[in-house]
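Taking it in order: structure first as structure tokens, then the write-up.
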Amino acid sequence: MEISGIYLALGLIGLTLIAGIYYRVSVGSGRTVTRSPMIDLERIGAHKNGSAVKKLGSSATLLQFSTQYCGQCPSVRRSLSQIEKSAKGVLHVEVDLTDRLELAAKFKISQTPTVFILNPKGEVTFRVSGVPKAGLIQQELTKLGIK
């Protein structure tokens with residue numbers, strides 16, 4: 001292998017390393033959302049334990065987007081259900097995106113699980129793509145005044 005090939009290989013390895021680090025840092029960390037449209041749970045087909053949900057939580061709603069084949073979604077579901085039980089006025093609901101590509105496109109969801117925190121009006125205040133990092137959802141709920 002000549003010198004230019006070695007530099008090319010090292011460059012590709014370096015680029016891959018940088019991309020991997022960026023992915024590791026950004027997935028599950030979430031971001032604050034501003035100027036969000038209001039979400040109608042009934043319209044998007046939100047459900048809880050197989051039943052349709054129409055009303056938002058009185059303090060906040062944890063909206064989880066999942067797919068049928070998502071391996072990480074059940075653990076996120078359990079975590080969000082625990083938060084729902086411990087935080088007054090918080091509701092956890094889920095939307096299955098398996099056959100709902102138009103909905104994924106509308107909300108710019110490229111991976112599941114994706115979690116939105118909605119305020120009592122139905123506006124998205126925070127979103128996380130991937131498995132939320134430990135304590136992140138609770139920290140964001142605390143910012144909304146929910147304990």
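Here, A, B, ... name the chains of the structure tokens in the order displayed, residue numbers run from 1 inside each chain, and ligands are numbered from 1 in the same displayed order.
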How close does stretch 26-51 of chain A get to stretch 66-86 of chain A? List, as JSON lines, each residue of stretch 26-51 of chain A within 12 Å, its nearest atom pair and the distance in Å to one decimal, counting only C-alpha atoms.
```
{"residue": "A:Gly28", "atom": "CA", "partner": "A:Val76", "partner_atom": "CA", "distance": 11.1}
{"residue": "A:Ala46", "atom": "CA", "partner": "A:Ser66", "partner_atom": "CA", "distance": 10.9}
{"residue": "A:His47", "atom": "CA", "partner": "A:Ser66", "partner_atom": "CA", "distance": 11.5}
{"residue": "A:Lys48", "atom": "CA", "partner": "A:Ser81", "partner_atom": "CA", "distance": 10.3}
{"residue": "A:Asn49", "atom": "CA", "partner": "A:Arg77", "partner_atom": "CA", "distance": 11.0}
```
Requested in this report: Using only C-alpha atoms, determine which residues lie at most 10 Å from stretch 100-106 of chain A, disregarding the query and same-chain residues fewer than 3 positions distant; provide the list as an MDAnalysis selection string.
Outcome: chainID A and resid 44:45 65 67 95:97 109:112
Write a file of the selected residues as an mmCIF file, in the first residue's frame, keeping C-alpha atoms.
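Result written to out-v4.cif:
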```
data_model
loop_
_atom_site.group_PDB
_atom_site.id
_atom_site.type_symbol
_atom_site.label_atom_id
_atom_site.label_comp_id
_atom_site.auth_asym_id
_atom_site.auth_seq_id
_atom_site.Cartn_x
_atom_site.Cartn_y
_atom_site.Cartn_z
ATOM 1 C CA ILE A 44 -52.601 10.534 16.284
ATOM 2 C CA GLY A 45 -53.994 7.286 17.730
ATOM 3 C CA PHE A 65 -43.475 6.618 19.748
ATOM 4 C CA THR A 67 -42.681 0.280 16.544
ATOM 5 C CA VAL A 95 -48.259 5.525 19.537
ATOM 6 C CA ASP A 96 -47.226 2.610 17.312
ATOM 7 C CA LEU A 97 -45.518 3.895 14.166
ATOM 8 C CA ILE A 109 -39.084 10.736 13.926
ATOM 9 C CA SER A 110 -36.214 8.720 12.506
ATOM 10 C CA GLN A 111 -35.789 6.162 15.282
ATOM 11 C CA THR A 112 -37.773 4.497 18.013
#
```
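When only C-alpha atoms are used to measure the gap to A:His92, the shortest distance among A:Val128, A:Leu41, A:Ala134, A:Ile13 belongs to A:Leu41.
For the pair atom CA of A:Ala52 and atom CA of A:Gly130, the interatomic distance is 24.2 Å.
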Requested in this report: Could you find all residues in stretch 11-127 of chain A that DSSP calls strand (DSSP E or B) from the backbone, and write them as a ChimeraX atom specification?
Outcome: /A:31-32,38,47-48,51-52,60-66,90-96,114-118,123-127
Output C-alpha atoms for every residue in that selection, as a PDB file, in the first residue's frame.
```
ATOM      1  CA  ARG A  31     -33.554  18.720  23.194  1.00  0.00           C
ATOM      2  CA  THR A  32     -35.920  21.494  24.160  1.00  0.00           C
ATOM      3  CA  MET A  38     -50.549  21.259  19.818  1.00  0.00           C
ATOM      4  CA  HIS A  47     -53.227   4.417  23.404  1.00  0.00           C
ATOM      5  CA  LYS A  48     -52.664   3.113  26.895  1.00  0.00           C
ATOM      6  CA  SER A  51     -57.369   1.596  24.877  1.00  0.00           C
ATOM      7  CA  ALA A  52     -57.553   4.863  22.955  1.00  0.00           C
ATOM      8  CA  ALA A  60     -47.698  16.602  31.571  1.00  0.00           C
ATOM      9  CA  THR A  61     -47.989  13.778  29.075  1.00  0.00           C
ATOM     10  CA  LEU A  62     -45.155  11.437  28.167  1.00  0.00           C
ATOM     11  CA  LEU A  63     -45.815  10.478  24.540  1.00  0.00           C
ATOM     12  CA  GLN A  64     -43.773   7.478  23.432  1.00  0.00           C
ATOM     13  CA  PHE A  65     -43.475   6.618  19.748  1.00  0.00           C
ATOM     14  CA  SER A  66     -42.631   2.945  19.220  1.00  0.00           C
ATOM     15  CA  VAL A  90     -48.340  12.783  34.527  1.00  0.00           C
ATOM     16  CA  LEU A  91     -49.796  10.472  31.887  1.00  0.00           C
ATOM     17  CA  HIS A  92     -47.774   8.028  29.769  1.00  0.00           C
ATOM     18  CA  VAL A  93     -49.262   7.057  26.381  1.00  0.00           C
ATOM     19  CA  GLU A  94     -47.882   5.347  23.314  1.00  0.00           C
ATOM     20  CA  VAL A  95     -48.259   5.525  19.537  1.00  0.00           C
ATOM     21  CA  ASP A  96     -47.226   2.610  17.312  1.00  0.00           C
ATOM     22  CA  THR A 114     -38.793   8.637  20.586  1.00  0.00           C
ATOM     23  CA  VAL A 115     -40.356  10.380  23.585  1.00  0.00           C
ATOM     24  CA  PHE A 116     -42.114  13.751  23.619  1.00  0.00           C
ATOM     25  CA  ILE A 117     -42.958  15.597  26.831  1.00  0.00           C
ATOM     26  CA  LEU A 118     -46.194  17.514  26.324  1.00  0.00           C
ATOM     27  CA  GLU A 123     -47.476  21.358  23.168  1.00  0.00           C
ATOM     28  CA  VAL A 124     -44.183  19.497  22.893  1.00  0.00           C
ATOM     29  CA  THR A 125     -41.703  20.997  25.349  1.00  0.00           C
ATOM     30  CA  PHE A 126     -38.951  18.382  25.069  1.00  0.00           C
ATOM     31  CA  ARG A 127     -38.099  15.414  22.855  1.00  0.00           C
TER      32      ARG A 127
END
```
Requested in this report: Give the alpha helix (DSSP H) residues of stretch 24-140 of chain A, as assigned by DSSP on the backbone, as number ranges by chain.
Outcome: A: 24-26, 41-44, 73-86, 101-106, 136-140
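Closest to A:Gln139 among A:Gly50, A:Gly30, A:Pro120, A:Gly57 is A:Gly30, based on only C-alpha atoms.
Nearest residue to A:Val33 among A:Ser4, A:Asn119, A:Thr142, A:Ser58 is A:Asn119, counting only C-alpha atoms.
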